[in-house]
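Below is one structure, written out as structure tokens; the observations come after it.
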Amino acid sequence: MACNNILIVDDDPIVLRMLESALNKNGYHTIKAESGENALRILDALAIDLVLLDVVLPGMDGLNTLREIRLHPTYGYVPVLMLTSRDSEIDHVIGLELGADDYISKPIRFHELIARIKAVLRRADSNRTASPKVVFRGLVMDLSSRKVTVNDQEIELSFKEFELLSLLAKRPGRVFTRAEILDTVWSEDGFWETRTVDVHIRRIRKKLEEIGQSPLLIETVRNVGYRLPMSL
């Protein structure tokens, strides 16, 4: 197994030690941070493959830290799994809107955590060995660098947003149901609802609008799902 670098961000030293021990036993190299500010400094200095980020942190909380990660031009695409003891639906929705790739609830079930980490890293590895680009009309997705341009304008996507859009772009005209998208993009990541897909589609469309592109690049097929239409 490749020794992936996982950044653990939590202000509870007991949780940090437990996560470090579990991840080290499974072959991962861990780096610890007790605040969002420190996590951003580490991301600036080191190559990180995945971030475990607690929602409740002193100073800059986890959601604001996630926002800063997603806005960064260099490490903005790193997968982020949120750690939360909150049983709050609104936190989950906000996290998804900001670009979280998954949620792990406390108390942490370590076998579930390891399974989710493996699934995310496996998809990232498969993208690096796949066909280098997906091209659909003005949309160009580089699968190795995870760079996306629409009519030569770059658009920044989270890990899951990239996976979702590339799924649609590889089969233009084909309608994917929400269940199919969940099964393909989220697969082993846990128990997600179909509205998770709608949240990510809405985020992608918003980003398209922000660079002056039509959100109709992604077409809604009522009561079925989504597709990239053959003609626009």
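Residues are named by chain letter and number: chains run A, B, ... in the order of the structure tokens, numbers start at 1 in each chain, and ligands are numbered from 1 in the order shown.
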
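Once segment 220-231 of chain A and its same-chain neighbours fewer than 4 positions away are set aside, Phe136, Arg137, Leu165, Leu167, Leu168, Ala169, Lys170, Arg171, Pro172, Gly173, Arg174, Val175, Phe176, Thr177, Arg178, Ala179, Glu180, Ile181, Thr194, Val197, Asp198, Ile201 and Leu216 of chain A remain within 10 Å of it when counting only C-alpha atoms.
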
All strand (DSSP E) residues (DSSP, backbone) inside segment 7-218 of chain A, as number ranges by chain: A: 7-9, 29-33, 50-54, 80-84, 102-105, 133-136, 139-142, 147-150, 153-155, 176-177

File dump, residues just selected, C-alpha atoms, as a short mmCIF file (atom, residue, chain, number, x, y, z; two decimals), in the first residue's frame:
```cif
data_model
loop_
_atom_site.label_atom_id
_atom_site.label_comp_id
_atom_site.auth_asym_id
_atom_site.auth_seq_id
_atom_site.Cartn_x
_atom_site.Cartn_y
_atom_site.Cartn_z
CA LEU A 7 -3.98 15.38 7.93
CA ILE A 8 -6.07 15.02 11.10
CA VAL A 9 -7.56 18.27 12.39
CA HIS A 29 1.17 8.46 7.53
CA THR A 30 -0.54 11.02 9.74
CA ILE A 31 0.04 14.70 10.43
CA LYS A 32 -1.87 16.36 13.27
CA ALA A 33 -3.28 19.86 13.67
CA LEU A 50 -6.78 13.51 2.49
CA VAL A 51 -7.98 15.69 5.39
CA LEU A 52 -10.02 14.53 8.40
CA LEU A 53 -11.52 17.79 9.64
CA ASP A 54 -13.49 18.28 12.85
CA VAL A 80 -12.03 16.31 2.99
CA LEU A 81 -13.94 14.07 5.41
CA MET A 82 -15.67 16.02 8.17
CA LEU A 83 -15.66 14.75 11.76
CA THR A 84 -18.69 15.79 13.77
CA ASP A 102 -18.08 12.86 3.37
CA TYR A 103 -19.07 12.98 7.05
CA ILE A 104 -17.94 10.71 9.87
CA SER A 105 -20.00 10.97 13.07
CA LYS A 133 -8.98 13.99 -20.45
CA VAL A 134 -12.73 14.08 -20.91
CA VAL A 135 -13.83 16.55 -23.58
CA PHE A 136 -17.44 17.53 -24.25
CA LEU A 139 -15.96 21.34 -21.32
CA VAL A 140 -12.48 19.90 -20.76
CA MET A 141 -11.71 17.78 -17.68
CA ASP A 142 -8.12 16.74 -17.07
CA LYS A 147 -8.39 20.77 -13.76
CA VAL A 148 -11.69 21.74 -15.37
CA THR A 149 -12.23 24.42 -18.00
CA VAL A 150 -15.40 25.50 -19.75
CA GLN A 153 -12.37 29.43 -18.36
CA GLU A 154 -11.22 27.43 -15.35
CA ILE A 155 -13.79 26.26 -12.80
CA PHE A 176 -28.29 9.11 -14.89
CA THR A 177 -30.80 8.61 -12.07
#
```

Separation of atom CA of Pro13 of chain A from atom CA of Leu57 of chain A, in Å and rounded to one decimal: 12.3 Å

Contact residues around Leu98 of chain A with only C-alpha atoms at 9 Å, ignoring same-chain residues under 4 positions, as a PyMOL selection string: chain A and resi 63-64+66-67+70+93-94+158+203

Gap from atom CA of Arg195 of chain A to atom CA of Glu97 of chain A - Å, one decimal: 12.0 Å

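One finds atom CA of Lys106 of chain A at 22.0 Å from atom CA of Asn5 of chain A.
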
Contacts of Ser35 of chain A at 9 Å (only C-alpha atoms; same-chain gap of 4+ positions) as number ranges by chain: A: 9-11, 39-40, 57-62, 65

Shell around segment 71-77 of chain A at 8 Å using only C-alpha atoms, local window under 4 positions removed, as a VMD selection string: chain A and resid 43 to 44 67 146 156 to 159
